[in-house]
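Structure record follows, encoded as structure tokens.
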Number of protein chains: 2
Amino acid sequence: MYYLGPEGSFSNEVANMVNGNKIPLRSISEIFSRVYTDNNAIGVVPIENSIEGPVHETLDNLYKYDEIYVNSYIEKEIKLVLAVNTNVKRIEDIKRLYSHNHALQEARETLQKLKIENIIPVESTSAAALYASKDEYGAAICSQYAASVYGLKIFLNNIQDNLNITRFVTISKSLTTSGERTMIFFNVPHKPGALYRALEKFYKYNINLTMIYSRPLKVIPWQYYFYLEFEGELRDSKTIDLIEELKSVVTNIKIKGSYSKLQYQASNFLG
Amino acid sequence: MYYLGPEGSFSNEVANMVNGNKIPLRSISEIFSRVYTDNNAIGVVPIENSIEGPVHETLDNLYKYDEIYVNSYIEKEIKLVLAVNTNVKRIEDIKRLYSHNHALQEARETLQKLKIENIIPVESTSAAALYASKDEYGAAICSQYAASVYGLKIFLNNIQDNLNITRFVTISKSLTTSGERTMIFFNVPHKPGALYRALEKFYKYNINLTMIYSRPLKVIPWQYYFYLEFEGELRDSKTIDLIEELKSVVTNIKIKGSYSKLQYQASNFLG
């Protein structure tokens with residue numbers, strides 16, 4: 001199971017839900033490239049965030065690798081803690097606070113109250129935890145998990161300002177055809193009503209869309225490629241009929257598989 | 001005219017197409033905030049790129065400020081040059097090459113041929129030009145414009161691997177109702193066929209969509225807000241009828257104005 005490192009990352013926490021060895025990699029593209037070359041590999045990648053929106057690097061790689069499919073999805077609430085080096089006894093002892101820029105923004109209200117002056121933006125929240133563990137007057141804004149991986153003491157819990165959920169998907173070279181949801185990509189001819197005609201098919205079969213994003217088709221400026229997820233599974237005749245009909249109104253259709261939500265309790269879904 | 005600095009940026013080049021003082025700012029959000037507080041101000045911001053897709057910070061700010069409208073759009077092809085300090089006579093003299101990570105990726109093929117070893121990623125291509133101008137063995141991958149602003153000598157032109165166009169919009173607190181295109185935002189109820197019913201209205205009036213993006217509605221996870229641009233103008237009765245009918249199937253509609261493409265020759269469009 002390849003995940004976006006370093007150890008202690010939110011992706012690491014999600015990867016722990018699945019059995020097997022966990023291997024941290026440096027980028028989403030590297031995860032796809034390793035899954036592509038190793039037929040038995042599984043990867044876990046973030047696909048969208050409830051505040052930031054789609055993760056372009058994941059969508060672009062799902063588009064690029066026709067032989068890589070989605071096998072499950074996982075929703076992870078991004079909770080932040082203020083964690084300190086075990087040497088720090090009081091808030092006033094903190095000389096340096098490490099975190100990632102996004103996390104600093106997400107914990108703005110708490111930061112304003114604490115009045116810590118020396119804030120150091122670093123490459124990830126898990127790296128922040130690592131740095132704080134090596135700095136006797138250091139603190140980090142990170143996940144509870146990263147704090148535990150790097151032996152920090154938690155001072156404050158749930159310091160994020162907003163509800164923030166990241167959705168991850170597991171990927172492999174196996175197409176799965178059953179599950180609650182199905183992912184397909186396509187583009188539409190550049191003429192009035194083209195997207196409308198595609199969505200009409202979903203309406204006809206009373207199928208609910210659960211995700212829709214568009215990205216420019218890189219080779220032709222200002223034409224869009226659509227990334228959709230909907231309720232239903234590929235082994236269902238209704239879904240098969242839908243896709244057959246879609247083929248008459250869209251082009252370059254890519255089928256990325258059917259899958260269900262992986263719950264935290266599960267341990268052998270992909271084992 | 002506020003633009004995303006520093007001086008010599010692609011935004012600066014686009015801002016030069018419009019008369020009046022040019023004031024560089026440090027972020028897109030700062031441009032919106034200044035246009036909001038100064039009733040007579042104009043800003044220029046990137047909205048989408050033919051390779052990278054939508055500029056989220058611009059879409060989110062257009063959503064946030066109901067009183068800020070779009071008044072024109074500009075397409076700018078992103079061309080890169082290899083430019084050097086005037087002290088550099090041959091490629092072999094280059095000791096340090098400065099650029100932004102995106103530009104380094106866009107010029108990958110040229111970089112592989114040149115075999116320059118010491119590549120330094122910096123915050124923008126215009127900053128790269130500035131650093132090269134202060135380093136007697138320095139070079140930069142930047143725009144021709146940035147090279148001229150900072151007095152560099154151009155060694156190679158058009159070193160970008162792909163056609164790469166960024167679309168910019170000018171913004172102000174004035175709603176314009178005439179032009180080739182109109183921008184509106186809305187969300188749809190969370191039920192099957194909701195987006196279909198909205199697009200049906202465009203189909204009925206034979207109106208072509210020229211942009212469609214979705215972003216999560218931050219307050220409710222996994223519900224989407226749609227950002228659309230279409231052919232037509234607000235002063236046209238067809239567009240008025242379309243928007244009236246849309247109101248029965250979408251919610252929270254925001255009208256961002258009608259506008260035309262600003263050509264490089266034009267100098268007093270907004271003067």
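Ordering of the structure tokens sets the chain letters (A, B, ...); residue numbers start at 1 within each chain; ligands are numbered from 1 in the order shown.
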Exercise for the section: Do me a favour and pick out the residues of chain B within 8 Å of chain A, using only C-alpha atoms, as a PyMOL selection string. Expected result: chain B and resi 49-54+163+165+191-193+195-196+199-200+202-203+206-222
Keeping only C-alpha atoms, write the selected residues to a file as a PDB file, in the first residue's frame.
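Final output, again.pdb:
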```pdb
ATOM      1  CA  ASN B  49      -5.290  28.274 -17.402  1.00  0.00           C
ATOM      2  CA  SER B  50      -5.506  25.981 -20.417  1.00  0.00           C
ATOM      3  CA  ILE B  51      -3.325  23.375 -18.682  1.00  0.00           C
ATOM      4  CA  GLU B  52      -3.833  23.857 -14.940  1.00  0.00           C
ATOM      5  CA  GLY B  53      -7.568  24.659 -14.967  1.00  0.00           C
ATOM      6  CA  PRO B  54      -9.440  27.072 -12.711  1.00  0.00           C
ATOM      7  CA  LEU B 163       0.672  25.711 -25.770  1.00  0.00           C
ATOM      8  CA  ILE B 165      -2.811  30.152 -22.288  1.00  0.00           C
ATOM      9  CA  LYS B 191     -31.374  15.631  -5.737  1.00  0.00           C
ATOM     10  CA  PRO B 192     -31.170  13.618  -8.983  1.00  0.00           C
ATOM     11  CA  GLY B 193     -31.341  15.704 -12.148  1.00  0.00           C
ATOM     12  CA  LEU B 195     -27.851  20.152 -12.628  1.00  0.00           C
ATOM     13  CA  TYR B 196     -29.593  18.622 -15.648  1.00  0.00           C
ATOM     14  CA  LEU B 199     -28.551  23.032 -18.148  1.00  0.00           C
ATOM     15  CA  GLU B 200     -31.888  22.268 -19.815  1.00  0.00           C
ATOM     16  CA  PHE B 202     -29.433  26.828 -21.604  1.00  0.00           C
ATOM     17  CA  TYR B 203     -30.332  24.160 -24.140  1.00  0.00           C
ATOM     18  CA  ASN B 206     -29.645  27.498 -27.550  1.00  0.00           C
ATOM     19  CA  ILE B 207     -26.997  29.206 -25.417  1.00  0.00           C
ATOM     20  CA  ASN B 208     -23.447  27.844 -25.520  1.00  0.00           C
ATOM     21  CA  LEU B 209     -21.498  27.385 -22.293  1.00  0.00           C
ATOM     22  CA  THR B 210     -17.904  28.639 -22.526  1.00  0.00           C
ATOM     23  CA  MET B 211     -16.799  27.704 -18.993  1.00  0.00           C
ATOM     24  CA  ILE B 212     -18.133  25.401 -16.281  1.00  0.00           C
ATOM     25  CA  TYR B 213     -16.423  24.628 -12.995  1.00  0.00           C
ATOM     26  CA  SER B 214     -17.692  23.231  -9.732  1.00  0.00           C
ATOM     27  CA  ARG B 215     -16.329  23.851  -6.243  1.00  0.00           C
ATOM     28  CA  PRO B 216     -17.577  22.330  -3.017  1.00  0.00           C
ATOM     29  CA  LEU B 217     -20.026  24.429  -1.043  1.00  0.00           C
ATOM     30  CA  LYS B 218     -17.824  24.851   2.033  1.00  0.00           C
ATOM     31  CA  VAL B 219     -20.628  24.824   4.601  1.00  0.00           C
ATOM     32  CA  ILE B 220     -22.158  21.517   3.439  1.00  0.00           C
ATOM     33  CA  PRO B 221     -19.647  18.779   2.502  1.00  0.00           C
ATOM     34  CA  TRP B 222     -19.977  17.290  -1.008  1.00  0.00           C
TER      35      TRP B 222
END
```
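Near A:Ser174, within 10 Å and counting only C-alpha atoms, sit A:Asn39, A:Asn40, A:Ala41, A:Ile42, A:Glu67, A:Ile68, A:Tyr69, A:Val70, A:Asn71, A:Lys256, A:Gly257; same-chain residues fewer than 4 positions away were not included.
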Fill in the blank from the handout: One residue among B:Phe185, B:Phe10, B:Phe32, B:Tyr2 is nearest to B:Thr125 when using only C-alpha atoms, and that residue is B:Phe10
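Taking atom CA of A:Pro24 and atom CA of A:Leu104 as endpoints, the distance between them is 23.8 Å.
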Practice task
Would you return as a PyMOL selection string the members of stretch 137-178 of chain A that DSSP assigns to strand (DSSP E or B) on this structure's backbone?
Solution key: chain A and resi 138-142+153-156+165-172
